[in-house]
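Everything below concerns the one structure shown next.
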Amino acid sequence: MNYESYLFLALATLLVIAAGAVVTLRNPVHAAMSLVLTFFTSAMLWILLRAEFLGITLVLVYVGAVMVLFLFVVMMLDINVVPLREGFARYLPVGLLVAGIMAAQMVAVLGGHHFGLERYTAPPAVIEGSNTAALGQLLYTGYVYPFEIAAVILLVAIVAAIALTHRRREGVKLQDPGKQTMVRKADRLRVVKMPSDTREGHGA
Amino acid sequence: MIDTWTDLLPMLPELFLLGMVNLILIAGLFIDERRRGLVHFIATLTLAFAAILTLRDFDIDGRVAVAGGMFIRDGAGDVLKLFVYLTMGIVFVYAKFYLRTHKLFVAEFYTLALFSVLGMCVLISGGNLLTIYLGLELMALSSYALVALDRDSPVAAESAMKYFVLGALASGLLLYGMSILYGVTGSLDLSEIATRLSSGEYPKVVLAFAVVFIVVGIGFKFGAVPFHMWVPDVYQGAPTAITLLLASAPKLAAVGMTFRLLSEGLEPLARDWSQMLGFLALMSLVVGNFAAIAQTNLKRMLAYSTISHVGFVLLGILAGSDDGMAAAMFYAITYALMTTGAFGMIIALSNAGFECERIEDFKGLNQRNPWFAFLMLLILASLAGFPPLVGFFSKLYVLQAAINAGWLWLTVVAVVMAVIGAYYYLRVIKVMYFDEPEHEHALQAPGDVRVVLAANGLLQLLLTFFVGSLTALCVAAWQ
């Protein structure tokens with residue numbers, strides 16, 4: 001075993017522990033933080049595989065953007081998680097049993113003897129030059145069509161999210177700068193003619 | 001790989017569609033409510049032009065692969081796409097009236113619906129596991145949002161939630177199957193997968209495992225039993241105009257997807273998947289027809305009837321032959337034209353404060369409006385498969401293909417189920433003609449809805465004269 005193997009084992013163990021913590025921790029903020037750790041550790045695994053670009057993207061996108069959003073939601077919405085966790089202990093044995101059976105079945109059918117290295121040779125690991133450049137090259141030549149469809153799907157997500165949540169409410173106080181600058185004296189200033197008060201004891 | 005711009009010509013209809021959706025998306029922001037008919041007009045025009053562009057290079061025997069085989073333009077795909085545009089055009093006419101009366105007439109409906117059409121086209125043309133999955137997601141994501149379009153209705157929100165969660169689960173299962181297939185064969189390209197699989201050097205067990213997941217994913221998208229749970233709830237809960245959309249064109253896309261995945265990519269494993277589809281078809285026929293009998297809500301009844309019709313479509317696909325595929329395609333096309341009529345009738349009879357969706361709402365329709373009752377009679381009889389309507393011929397061809405493929409027992413079951421299924425269509429016809437009207441809601445359907453509905457109903461009769469040429473088209477498309 002060399003240094004890389006030890007590093008891999010350490011990172012993999014940490015990853016499994018952190019992922020377990022996400023679902024078992026009671027405090028949602030702590031769970032979200034464990035998710036950050038999970039993402040970060042898997043990013044390190046990518047880098048260990050010499051996929052630097054993917055590793056850094058994982059950190060930037062998931063840790064940087066998605067998790068911040070998660071934390072916002074968790075902190076702002078004050079969800080009471082206790083009812084969600086009711087029956088966790090009660091259903092645990094059944095859940096473990098089903099999961100165990102499924103895992104055993106999948107190992108039996110898809111076990112290593114079907115997918116081992118002796119059946120499939122590992123792809124050439126190292127590419128010439130920058131990993132990011134190679135990825136970009138592929139993404140914008142061979143895979144440009146699915147790439148564009150993915151972009152359209154994101155557009156649909158934006159349209160759907162806005163269509164479903166945005167509503168024009170009545171009675172909201174808003175400033176319209178256009179109207180503000182277009183205003184003329186006649187719109188705001190009203191000259192009112194008042195009869196002068198001529199009673200005694202009043203006036204100048 | 002796309003080297004020059006001319007390589008993109010085969011996907012011109014899709015590119016046009018994408019450009020127009022973006023235009024409608026932007027234009028919709030600036031067109032105020034009173035002129036929103038303009039959005040409807042542009043959207044309908046977009047479909048018409050996409051159809052013209054498809055016809056421009058239409059070649060029934062041709063097969064062009066673009067973008068490294070990720071996009072495939074062939075006769076079968078073009079026929080399916082043309083009917084997707086047609087059914088979507090019909091849907092738009094009905095939907096406009098419904099959305100207007102229900103205060104849902106927003107530009108987003110057209111944007112999302114056209115995005116969904118784009119997804120269907122990508123799906124129908126997908127020659128790669130990646131593009132099939134992305135096309136499916138594009139189609140599905142737009143549909144989820146459309147179901148939830150009526151934000152103030154808790155029923156619609158609930159059905160959108162169910163649809164979304166189950167749809168996501170189905171996508172996950174499909175993706176899992178695809179990933180195993182990729183892991184085994186080492187290729188994402190469907191024709192490449194077929195070539196590698198026919199060498200027969202891959203472990204059978206693992207491949208069967210992958211096929212199971214892919215078939216389950218297809219079953220979910222079709223709404224075949226036992227993956228049908230979402231269908232009745234979504235059909236009933238969604239606004240009728242959206243149900244109309246979900247029930248028609250996506251079925252055509254699903255046939256295209258099944259064709260690409262199963263008979264192009266997994267052709268060497270036909271023995272495996274035709275057994276699985278046989279089970280799905282059997283269950284769909286039995287459960288769909290029996291459950292439909294118990295329904296009192298017409299939308300829900302039509303949902304179960306969809307499930308039974310899916311059984312028939314699968315019957316054609318599982319035959320595995322070119323004729324079977326042609327029969328399945330013919331069935332899906334005629335079914336899409338029937339189901340738009342049935343939901344169109346519900347929309348035409350409804351108005352602002354009244355949803356004509358229960359079977360008893362159709363009581364005495366003949367006395368209130370004999371013409372509409374006659375059209376509904378044609379549509380329902382065609383759904384039930386009575387000769388000489390077109391629904392009879394579509395069933396006939398599917399059954400023929402199944403018999404030729406040696407599925408005699410399943411064919412017998414299908415015929416028995418079709419007879420049982422006739423009961424619930426006949427019940428609606430009986431209610432329309434022999435019962436007394438219970439309510440006096442005026443018919444408010446505008447001229448365009450009436451004209452399209454009449455055409456849609458009469459089409460069931462008229463298509464009978466063109467069955468020969470339509471089937472010839474389908475058969476030619478698969479050869």
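Chain labels follow the order of the structure tokens: the first chain is A, the next B, and so on; residue numbering restarts at 1 in every chain, and ligands are counted from 1 in their shown order.
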
Interface, chain B side, toward chain A (8 Å; only C-alpha atoms) as a compact mmCIF listing (two decimals) with all heavy atoms, in the first residue's frame:
```
# COMPACT_ATOMS: atom_id res chain seq x y z
N MET B 1 -20.34 14.55 -33.22
CA MET B 1 -19.56 15.75 -33.53
C MET B 1 -20.25 16.55 -34.62
O MET B 1 -20.73 16.01 -35.59
CB MET B 1 -18.16 15.31 -34.02
CG MET B 1 -17.21 16.45 -34.23
SD MET B 1 -16.32 16.87 -32.75
CE MET B 1 -14.98 15.69 -32.78
N ILE B 2 -20.36 17.84 -34.42
CA ILE B 2 -20.97 18.70 -35.42
C ILE B 2 -19.88 19.52 -36.06
O ILE B 2 -19.25 20.35 -35.41
CB ILE B 2 -22.03 19.61 -34.78
CG1 ILE B 2 -23.16 18.75 -34.20
CG2 ILE B 2 -22.57 20.59 -35.78
CD1 ILE B 2 -23.99 19.44 -33.19
N ALA B 67 -24.90 14.72 -34.75
CA ALA B 67 -24.22 14.87 -33.45
C ALA B 67 -23.71 13.52 -32.94
O ALA B 67 -23.97 13.12 -31.82
CB ALA B 67 -25.14 15.52 -32.44
N GLY B 68 -22.99 12.82 -33.79
CA GLY B 68 -22.39 11.56 -33.38
C GLY B 68 -23.42 10.51 -33.00
O GLY B 68 -23.22 9.75 -32.06
N MET B 70 -26.35 10.97 -31.71
CA MET B 70 -27.20 11.30 -30.56
C MET B 70 -28.59 11.74 -31.00
O MET B 70 -29.54 11.70 -30.24
CB MET B 70 -26.56 12.41 -29.75
CG MET B 70 -25.37 11.93 -28.98
SD MET B 70 -24.79 13.22 -27.93
CE MET B 70 -23.27 12.50 -27.37
N GLU B 108 -47.26 31.32 -19.73
CA GLU B 108 -46.41 30.19 -19.31
C GLU B 108 -46.98 28.86 -19.76
O GLU B 108 -46.23 27.91 -19.97
CB GLU B 108 -46.23 30.18 -17.78
CG GLU B 108 -45.26 31.20 -17.26
CD GLU B 108 -45.88 32.56 -17.17
OE1 GLU B 108 -47.13 32.64 -17.18
OE2 GLU B 108 -45.14 33.56 -17.10
N LEU B 112 -44.40 26.35 -21.44
CA LEU B 112 -44.12 25.03 -20.88
C LEU B 112 -44.60 23.93 -21.81
O LEU B 112 -43.92 22.91 -21.99
CB LEU B 112 -44.77 24.90 -19.50
CG LEU B 112 -44.11 25.75 -18.41
CD1 LEU B 112 -44.96 25.76 -17.15
CD2 LEU B 112 -42.73 25.23 -18.09
N PHE B 115 -42.14 23.62 -24.57
CA PHE B 115 -40.92 22.98 -24.06
C PHE B 115 -41.14 21.47 -23.98
O PHE B 115 -40.25 20.67 -24.28
CB PHE B 115 -40.55 23.52 -22.68
CG PHE B 115 -39.62 24.70 -22.72
CD1 PHE B 115 -39.91 25.86 -22.02
CD2 PHE B 115 -38.45 24.64 -23.44
CE1 PHE B 115 -39.06 26.93 -22.04
CE2 PHE B 115 -37.59 25.72 -23.47
CZ PHE B 115 -37.89 26.87 -22.77
N LEU B 130 -28.00 9.09 -23.26
CA LEU B 130 -27.98 10.45 -22.68
C LEU B 130 -29.13 11.29 -23.19
O LEU B 130 -29.86 11.92 -22.42
CB LEU B 130 -26.67 11.13 -23.09
CG LEU B 130 -25.57 11.28 -22.07
CD1 LEU B 130 -24.43 12.06 -22.70
CD2 LEU B 130 -26.07 12.00 -20.85
N THR B 131 -29.31 11.32 -24.53
CA THR B 131 -30.34 12.19 -25.08
C THR B 131 -31.73 11.66 -24.78
O THR B 131 -32.66 12.44 -24.62
CB THR B 131 -30.15 12.38 -26.59
OG1 THR B 131 -29.86 11.13 -27.17
CG2 THR B 131 -29.04 13.33 -26.88
N LEU B 134 -32.35 12.87 -21.26
CA LEU B 134 -32.55 14.32 -21.18
C LEU B 134 -33.87 14.74 -21.83
O LEU B 134 -34.58 15.59 -21.31
CB LEU B 134 -31.38 15.05 -21.85
CG LEU B 134 -30.08 15.03 -21.06
CD1 LEU B 134 -28.95 15.58 -21.91
CD2 LEU B 134 -30.20 15.83 -19.79
N GLY B 135 -34.21 14.10 -22.95
CA GLY B 135 -35.48 14.40 -23.60
C GLY B 135 -36.65 14.06 -22.69
O GLY B 135 -37.61 14.83 -22.55
N GLU B 137 -36.61 13.95 -19.44
CA GLU B 137 -36.68 14.90 -18.33
C GLU B 137 -37.26 16.23 -18.77
O GLU B 137 -38.05 16.84 -18.05
CB GLU B 137 -35.27 15.13 -17.75
CG GLU B 137 -34.81 14.03 -16.85
CD GLU B 137 -35.79 13.76 -15.73
OE1 GLU B 137 -35.87 14.56 -14.79
OE2 GLU B 137 -36.51 12.75 -15.81
N LEU B 138 -36.89 16.67 -19.97
CA LEU B 138 -37.41 17.93 -20.48
C LEU B 138 -38.92 17.85 -20.62
O LEU B 138 -39.66 18.77 -20.23
CB LEU B 138 -36.76 18.24 -21.84
CG LEU B 138 -37.12 19.55 -22.51
CD1 LEU B 138 -36.86 20.71 -21.59
CD2 LEU B 138 -36.32 19.72 -23.79
N LEU B 141 -40.47 17.42 -16.85
CA LEU B 141 -40.36 18.60 -15.99
C LEU B 141 -41.40 19.65 -16.37
O LEU B 141 -42.02 20.26 -15.50
CB LEU B 141 -38.95 19.17 -16.11
CG LEU B 141 -38.45 19.98 -14.93
CD1 LEU B 141 -38.42 19.13 -13.69
CD2 LEU B 141 -37.06 20.53 -15.21
N SER B 142 -41.60 19.82 -17.68
CA SER B 142 -42.60 20.78 -18.11
C SER B 142 -43.99 20.31 -17.67
O SER B 142 -44.82 21.12 -17.27
CB SER B 142 -42.58 20.94 -19.62
OG SER B 142 -41.28 20.96 -20.10
N ALA B 145 -44.81 20.99 -13.94
CA ALA B 145 -45.15 22.38 -13.68
C ALA B 145 -46.54 22.70 -14.21
O ALA B 145 -47.29 23.44 -13.58
CB ALA B 145 -44.11 23.29 -14.33
N ALA B 148 -49.31 21.74 -11.89
CA ALA B 148 -49.42 22.62 -10.72
C ALA B 148 -49.81 24.04 -11.12
O ALA B 148 -49.86 24.93 -10.27
CB ALA B 148 -48.11 22.64 -9.96
N LEU B 149 -50.11 24.27 -12.40
CA LEU B 149 -50.35 25.63 -12.88
C LEU B 149 -51.48 26.32 -12.13
O LEU B 149 -51.43 27.53 -11.89
CB LEU B 149 -50.68 25.57 -14.38
CG LEU B 149 -50.43 26.83 -15.18
CD1 LEU B 149 -48.97 27.19 -15.16
CD2 LEU B 149 -50.89 26.63 -16.61
N ARG B 151 -52.53 27.26 -9.11
CA ARG B 151 -51.87 27.25 -7.81
C ARG B 151 -52.83 27.26 -6.65
O ARG B 151 -52.50 26.84 -5.55
CB ARG B 151 -50.96 28.47 -7.71
CG ARG B 151 -49.81 28.39 -8.65
CD ARG B 151 -48.98 29.62 -8.56
NE ARG B 151 -49.76 30.82 -8.83
CZ ARG B 151 -49.22 31.98 -9.08
NH1 ARG B 151 -47.93 32.11 -9.06
NH2 ARG B 151 -49.97 33.03 -9.32
N GLY B 183 -22.30 0.40 -17.96
CA GLY B 183 -21.19 -0.26 -17.27
C GLY B 183 -20.80 -1.56 -17.96
O GLY B 183 -19.63 -1.91 -18.05
N VAL B 184 -21.81 -2.29 -18.46
CA VAL B 184 -21.52 -3.58 -19.07
C VAL B 184 -20.97 -3.40 -20.48
O VAL B 184 -19.95 -3.98 -20.84
CB VAL B 184 -22.80 -4.45 -19.11
CG1 VAL B 184 -22.54 -5.72 -19.87
CG2 VAL B 184 -23.24 -4.76 -17.71
N PRO B 203 -22.25 -10.82 -19.47
CA PRO B 203 -22.98 -11.65 -18.51
C PRO B 203 -24.49 -11.44 -18.62
O PRO B 203 -24.99 -10.33 -18.52
CB PRO B 203 -22.46 -11.18 -17.15
CG PRO B 203 -21.82 -9.87 -17.40
CD PRO B 203 -21.31 -9.91 -18.79
N VAL B 205 -26.97 -12.31 -16.62
CA VAL B 205 -27.70 -11.90 -15.41
C VAL B 205 -27.70 -10.39 -15.28
O VAL B 205 -28.74 -9.76 -15.03
CB VAL B 205 -27.03 -12.53 -14.17
CG1 VAL B 205 -27.89 -12.28 -12.94
CG2 VAL B 205 -26.82 -14.00 -14.38
N VAL B 206 -26.53 -9.80 -15.46
CA VAL B 206 -26.41 -8.36 -15.29
C VAL B 206 -27.26 -7.64 -16.33
O VAL B 206 -27.95 -6.66 -16.04
CB VAL B 206 -24.94 -7.93 -15.40
CG1 VAL B 206 -24.80 -6.45 -15.17
CG2 VAL B 206 -24.12 -8.69 -14.39
N PHE B 209 -30.81 -7.72 -15.43
CA PHE B 209 -31.01 -6.75 -14.34
C PHE B 209 -31.20 -5.34 -14.92
O PHE B 209 -32.12 -4.62 -14.54
CB PHE B 209 -29.78 -6.80 -13.44
CG PHE B 209 -29.94 -6.10 -12.13
CD1 PHE B 209 -30.59 -6.72 -11.08
CD2 PHE B 209 -29.42 -4.83 -11.94
CE1 PHE B 209 -30.73 -6.08 -9.87
CE2 PHE B 209 -29.56 -4.19 -10.73
CZ PHE B 209 -30.21 -4.82 -9.68
```

Residues within 6 Å of segment 54-65 of chain A, only C-alpha atoms, excluding chain neighbours under 3 positions, as JSON, numbers by chain
{"A": [36, 43, 46, 47, 51, 68]}

Using only C-alpha atoms, determine which residues lie at most 9 Å from Asp272 of chain B, disregarding the query and same-chain residues fewer than 2 positions distant; provide the list as a compact mmCIF listing (two decimals) with C-alpha atoms, in the first residue's frame.
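Produced file result17.txt, reproduced below:
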```
# COMPACT_ATOMS: atom_id res chain seq x y z
CA ALA B 208 -31.36 -8.91 -17.47
CA VAL B 211 -33.39 -4.52 -18.74
CA VAL B 212 -35.69 -4.87 -15.71
CA LEU B 269 -32.34 -9.05 -25.58
CA ALA B 270 -35.82 -9.10 -27.14
CA SER B 274 -40.96 -9.06 -24.45
CA GLN B 275 -41.73 -11.36 -21.50
CA MET B 276 -41.68 -8.40 -19.14
CA LEU B 277 -43.84 -6.29 -21.45
```

Do a neighbour search on segment 34-38 of chain B at 9 Å with only C-alpha atoms, toss out local chain neighbours closer than 3 positions, and write the hits as a PDB file with C-alpha atoms, in the first residue's frame.
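Output file part_17.pdb follows:
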```pdb
ATOM      1  CA  GLY B  28     -45.308  36.691 -23.143  1.00  0.00           C
ATOM      2  CA  ILE B  31     -48.232  41.067 -24.069  1.00  0.00           C
ATOM      3  CA  PHE B  41     -51.782  32.330 -32.143  1.00  0.00           C
ATOM      4  CA  ILE B  42     -47.963  32.371 -32.219  1.00  0.00           C
ATOM      5  CA  ALA B  43     -47.774  29.033 -30.393  1.00  0.00           C
ATOM      6  CA  LYS B  96     -57.526  28.147 -24.643  1.00  0.00           C
ATOM      7  CA  PHE B 105     -54.800  31.838 -19.331  1.00  0.00           C
ATOM      8  CA  VAL B 106     -51.132  32.686 -18.912  1.00  0.00           C
ATOM      9  CA  ALA B 107     -48.301  32.759 -21.411  1.00  0.00           C
TER      10      ALA B 107
END
```

Polymer residues at most 12 Å from Ala48 of chain B, only C-alpha atoms, same-chain spacing of 2 or more positions, as an mmCIF file with N, CA, C and O atoms, in the first residue's frame:
```
data_model
loop_
_atom_site.group_PDB
_atom_site.id
_atom_site.type_symbol
_atom_site.label_atom_id
_atom_site.label_comp_id
_atom_site.auth_asym_id
_atom_site.auth_seq_id
_atom_site.Cartn_x
_atom_site.Cartn_y
_atom_site.Cartn_z
ATOM 1 N N PRO B 13 -36.396 21.407 -37.464
ATOM 2 C CA PRO B 13 -37.669 21.626 -36.771
ATOM 3 C C PRO B 13 -37.470 21.861 -35.277
ATOM 4 O O PRO B 13 -38.096 22.747 -34.690
ATOM 5 N N PHE B 16 -35.943 25.298 -34.681
ATOM 6 C CA PHE B 16 -36.990 26.304 -34.872
ATOM 7 C C PHE B 16 -37.891 26.366 -33.644
ATOM 8 O O PHE B 16 -38.195 27.443 -33.126
ATOM 9 N N LEU B 17 -38.271 25.186 -33.170
ATOM 10 C CA LEU B 17 -39.139 25.100 -31.993
ATOM 11 C C LEU B 17 -38.487 25.787 -30.803
ATOM 12 O O LEU B 17 -39.121 26.595 -30.107
ATOM 13 N N MET B 20 -38.507 29.530 -31.187
ATOM 14 C CA MET B 20 -39.832 30.115 -31.005
ATOM 15 C C MET B 20 -40.268 30.089 -29.541
ATOM 16 O O MET B 20 -40.939 31.001 -29.078
ATOM 17 N N PHE B 41 -51.927 32.329 -30.693
ATOM 18 C CA PHE B 41 -51.782 32.330 -32.143
ATOM 19 C C PHE B 41 -50.342 31.979 -32.540
ATOM 20 O O PHE B 41 -50.107 31.116 -33.389
ATOM 21 N N ILE B 42 -49.377 32.634 -31.881
ATOM 22 C CA ILE B 42 -47.963 32.371 -32.219
ATOM 23 C C ILE B 42 -47.616 30.912 -31.919
ATOM 24 O O ILE B 42 -46.928 30.249 -32.701
ATOM 25 N N ALA B 43 -48.108 30.406 -30.779
ATOM 26 C CA ALA B 43 -47.774 29.033 -30.393
ATOM 27 C C ALA B 43 -48.330 28.046 -31.410
ATOM 28 O O ALA B 43 -47.646 27.090 -31.807
ATOM 29 N N THR B 44 -49.571 28.275 -31.859
ATOM 30 C CA THR B 44 -50.168 27.376 -32.845
ATOM 31 C C THR B 44 -49.400 27.447 -34.160
ATOM 32 O O THR B 44 -49.130 26.432 -34.804
ATOM 33 N N LEU B 45 -49.033 28.679 -34.522
ATOM 34 C CA LEU B 45 -48.270 28.888 -35.750
ATOM 35 C C LEU B 45 -46.919 28.165 -35.673
ATOM 36 O O LEU B 45 -46.446 27.594 -36.662
ATOM 37 N N THR B 46 -46.308 28.205 -34.474
ATOM 38 C CA THR B 46 -45.026 27.524 -34.277
ATOM 39 C C THR B 46 -45.156 26.043 -34.590
ATOM 40 O O THR B 46 -44.318 25.466 -35.296
ATOM 41 N N ALA B 50 -43.307 24.066 -37.538
ATOM 42 C CA ALA B 50 -42.453 22.919 -37.216
ATOM 43 C C ALA B 50 -42.880 21.725 -38.056
ATOM 44 O O ALA B 50 -42.036 20.969 -38.562
ATOM 45 N N ALA B 51 -44.200 21.563 -38.233
ATOM 46 C CA ALA B 51 -44.701 20.459 -39.060
ATOM 47 C C ALA B 51 -44.248 20.647 -40.505
ATOM 48 O O ALA B 51 -43.806 19.688 -41.161
ATOM 49 N N ILE B 52 -44.330 21.899 -40.992
ATOM 50 C CA ILE B 52 -43.908 22.156 -42.388
ATOM 51 C C ILE B 52 -42.425 21.849 -42.547
ATOM 52 O O ILE B 52 -42.005 21.212 -43.517
ATOM 53 N N LEU B 53 -41.619 22.271 -41.575
ATOM 54 C CA LEU B 53 -40.177 22.023 -41.653
ATOM 55 C C LEU B 53 -39.881 20.526 -41.607
ATOM 56 O O LEU B 53 -38.938 20.049 -42.245
ATOM 57 N N THR B 54 -40.696 19.798 -40.806
ATOM 58 C CA THR B 54 -40.491 18.347 -40.755
ATOM 59 C C THR B 54 -40.838 17.730 -42.102
ATOM 60 O O THR B 54 -40.139 16.843 -42.593
ATOM 61 N N LEU B 55 -41.930 18.219 -42.704
ATOM 62 C CA LEU B 55 -42.358 17.673 -44.001
ATOM 63 C C LEU B 55 -41.379 18.020 -45.114
ATOM 64 O O LEU B 55 -41.276 17.312 -46.110
ATOM 65 N N LYS B 81 -43.516 12.611 -34.778
ATOM 66 C CA LYS B 81 -43.416 14.044 -34.481
ATOM 67 C C LYS B 81 -44.554 14.820 -35.123
ATOM 68 O O LYS B 81 -45.137 15.707 -34.497
ATOM 69 N N LEU B 82 -44.888 14.464 -36.382
ATOM 70 C CA LEU B 82 -45.975 15.174 -37.057
ATOM 71 C C LEU B 82 -47.271 15.011 -36.266
ATOM 72 O O LEU B 82 -48.039 15.965 -36.107
ATOM 73 N N PHE B 83 -47.513 13.815 -35.737
ATOM 74 C CA PHE B 83 -48.746 13.634 -34.973
ATOM 75 C C PHE B 83 -48.664 14.290 -33.605
ATOM 76 O O PHE B 83 -49.685 14.693 -33.058
ATOM 77 N N VAL B 84 -47.445 14.396 -33.066
ATOM 78 C CA VAL B 84 -47.303 15.162 -31.818
ATOM 79 C C VAL B 84 -47.709 16.614 -32.067
ATOM 80 O O VAL B 84 -48.474 17.202 -31.299
ATOM 81 N N TYR B 85 -47.231 17.210 -33.190
ATOM 82 C CA TYR B 85 -47.603 18.598 -33.490
ATOM 83 C C TYR B 85 -49.116 18.710 -33.670
ATOM 84 O O TYR B 85 -49.733 19.654 -33.169
ATOM 85 N N LEU B 86 -49.698 17.731 -34.374
ATOM 86 C CA LEU B 86 -51.134 17.797 -34.648
ATOM 87 C C LEU B 86 -51.949 17.732 -33.353
ATOM 88 O O LEU B 86 -52.800 18.591 -33.095
ATOM 89 N N THR B 87 -51.648 16.723 -32.504
ATOM 90 C CA THR B 87 -52.426 16.603 -31.267
ATOM 91 C C THR B 87 -52.199 17.824 -30.386
ATOM 92 O O THR B 87 -53.133 18.312 -29.752
ATOM 93 N N MET B 88 -50.993 18.343 -30.378
ATOM 94 C CA MET B 88 -50.718 19.511 -29.549
ATOM 95 C C MET B 88 -51.509 20.718 -30.054
ATOM 96 O O MET B 88 -52.006 21.515 -29.255
ATOM 97 N N GLY B 89 -51.642 20.836 -31.388
ATOM 98 C CA GLY B 89 -52.447 21.922 -31.944
ATOM 99 C C GLY B 89 -53.892 21.809 -31.492
ATOM 100 O O GLY B 89 -54.516 22.805 -31.102
ATOM 101 N N ILE B 90 -54.429 20.580 -31.514
ATOM 102 C CA ILE B 90 -55.806 20.365 -31.058
ATOM 103 C C ILE B 90 -55.910 20.722 -29.577
ATOM 104 O O ILE B 90 -56.844 21.402 -29.153
#
```

Can you list every residue in segment 36-200 of chain A that DSSP puts in helix (DSSP H, G or I), as JSON, numbers by chain?
{"A": [36, 37, 38, 39, 40, 41, 42, 43, 44, 45, 46, 47, 48, 52, 53, 54, 55, 56, 57, 58, 59, 60, 61, 62, 63, 64, 65, 66, 67, 68, 69, 70, 71, 72, 73, 74, 75, 76, 77, 82, 83, 84, 85, 88, 89, 90, 91, 92, 93, 94, 95, 96, 97, 98, 99, 100, 101, 102, 103, 104, 105, 106, 107, 108, 109, 110, 112, 113, 114, 115, 131, 132, 133, 134, 135, 136, 137, 138, 139, 140, 144, 145, 146, 147, 148, 149, 150, 151, 152, 153, 154, 155, 156, 157, 158, 159, 160, 161, 162, 163, 164, 165, 177, 178, 179, 180, 181, 182, 185, 186, 187, 188]}

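Using only C-alpha atoms, the residues found no farther than 8 Å from segment 390-395 of chain B, other than those of its own chain fewer than 3 positions away, are B:Phe312, B:Ala327, B:Phe330, B:Tyr331, B:Thr334, B:Tyr335, B:Ala381, B:Ser382, B:Leu383, B:Ala384, B:Gly385, B:Phe386, B:Pro387, B:Val398, B:Leu399, B:Gln460, B:Leu461, B:Leu463, B:Thr464, B:Val467.
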
Would you output that residue set with N, CA and C atoms, as a tab-separated table (two decimals), in the first residue's frame?
```tsv
chain	number	residue	atom	x	y	z
B	312	PHE	N	-52.81	-2.30	-24.71
B	312	PHE	CA	-52.86	-2.64	-26.14
B	312	PHE	C	-51.60	-2.18	-26.87
B	327	ALA	N	-48.02	-1.42	-35.71
B	327	ALA	CA	-49.36	-1.50	-35.12
B	327	ALA	C	-49.42	-0.67	-33.84
B	330	PHE	N	-49.57	2.96	-34.82
B	330	PHE	CA	-50.90	3.28	-35.32
B	330	PHE	C	-51.88	3.40	-34.16
B	331	TYR	N	-51.76	2.48	-33.20
B	331	TYR	CA	-52.66	2.50	-32.04
B	331	TYR	C	-52.46	3.79	-31.26
B	334	THR	N	-53.95	6.84	-33.19
B	334	THR	CA	-55.41	6.92	-33.16
B	334	THR	C	-55.89	7.16	-31.73
B	335	TYR	N	-55.21	6.57	-30.75
B	335	TYR	CA	-55.62	6.79	-29.37
B	335	TYR	C	-55.47	8.26	-28.99
B	381	ALA	N	-67.39	5.29	-28.76
B	381	ALA	CA	-67.49	4.02	-29.47
B	381	ALA	C	-66.14	3.67	-30.10
B	382	SER	N	-65.40	4.71	-30.53
B	382	SER	CA	-64.10	4.46	-31.11
B	382	SER	C	-63.12	3.99	-30.03
B	383	LEU	N	-63.23	4.61	-28.83
B	383	LEU	CA	-62.38	4.17	-27.72
B	383	LEU	C	-62.69	2.71	-27.37
B	384	ALA	N	-63.98	2.37	-27.41
B	384	ALA	CA	-64.36	1.00	-27.07
B	384	ALA	C	-63.94	0.03	-28.16
B	385	GLY	N	-63.77	0.53	-29.39
B	385	GLY	CA	-63.32	-0.32	-30.49
B	385	GLY	C	-64.44	-0.95	-31.28
B	386	PHE	N	-65.54	-0.20	-31.48
B	386	PHE	CA	-66.63	-0.72	-32.30
B	386	PHE	C	-66.34	-0.47	-33.77
B	387	PRO	N	-66.54	-1.45	-34.63
B	387	PRO	CA	-66.47	-1.16	-36.05
B	387	PRO	C	-67.68	-0.31	-36.44
B	398	VAL	N	-53.12	-4.44	-33.75
B	398	VAL	CA	-52.27	-4.81	-32.62
B	398	VAL	C	-52.45	-6.29	-32.30
B	399	LEU	N	-53.70	-6.73	-32.29
B	399	LEU	CA	-53.97	-8.14	-31.96
B	399	LEU	C	-53.36	-9.06	-33.02
B	460	GLN	N	-63.01	10.09	-36.25
B	460	GLN	CA	-63.09	8.67	-35.87
B	460	GLN	C	-63.77	7.87	-36.98
B	461	LEU	N	-64.73	8.53	-37.65
B	461	LEU	CA	-65.45	7.86	-38.72
B	461	LEU	C	-64.66	7.97	-40.03
B	463	LEU	N	-61.47	8.55	-40.59
B	463	LEU	CA	-60.17	7.87	-40.66
B	463	LEU	C	-60.33	6.44	-41.12
B	464	THR	N	-61.53	5.88	-40.90
B	464	THR	CA	-61.78	4.51	-41.34
B	464	THR	C	-61.48	4.34	-42.82
B	467	VAL	N	-57.69	4.19	-43.27
B	467	VAL	CA	-56.94	3.25	-42.44
B	467	VAL	C	-55.82	2.61	-43.25
```

Near-Ala157 of chain B list (10 Å; only C-alpha atoms; drop same-chain fewer than 2 positions) as a ChimeraX atom specification
/B:144-145,147-155,159-163,234,237-238

B:Ala281, B:Ala224, B:Leu188, B:Ala291: which is nearest Leu261 of chain B, counting only C-alpha atoms?
B:Leu188

Enter the distance from atom CA of Ala418 of chain B to atom CA of Phe372 of chain B, in Å, rounded to one decimal.
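Here the two named atoms are 25.0 Å from each other.
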
What is the distance between atom CA of Phe109 of chain B and atom CA of Leu47 of chain B, in Å to one decimal?
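These atoms are spaced 14.6 Å apart.
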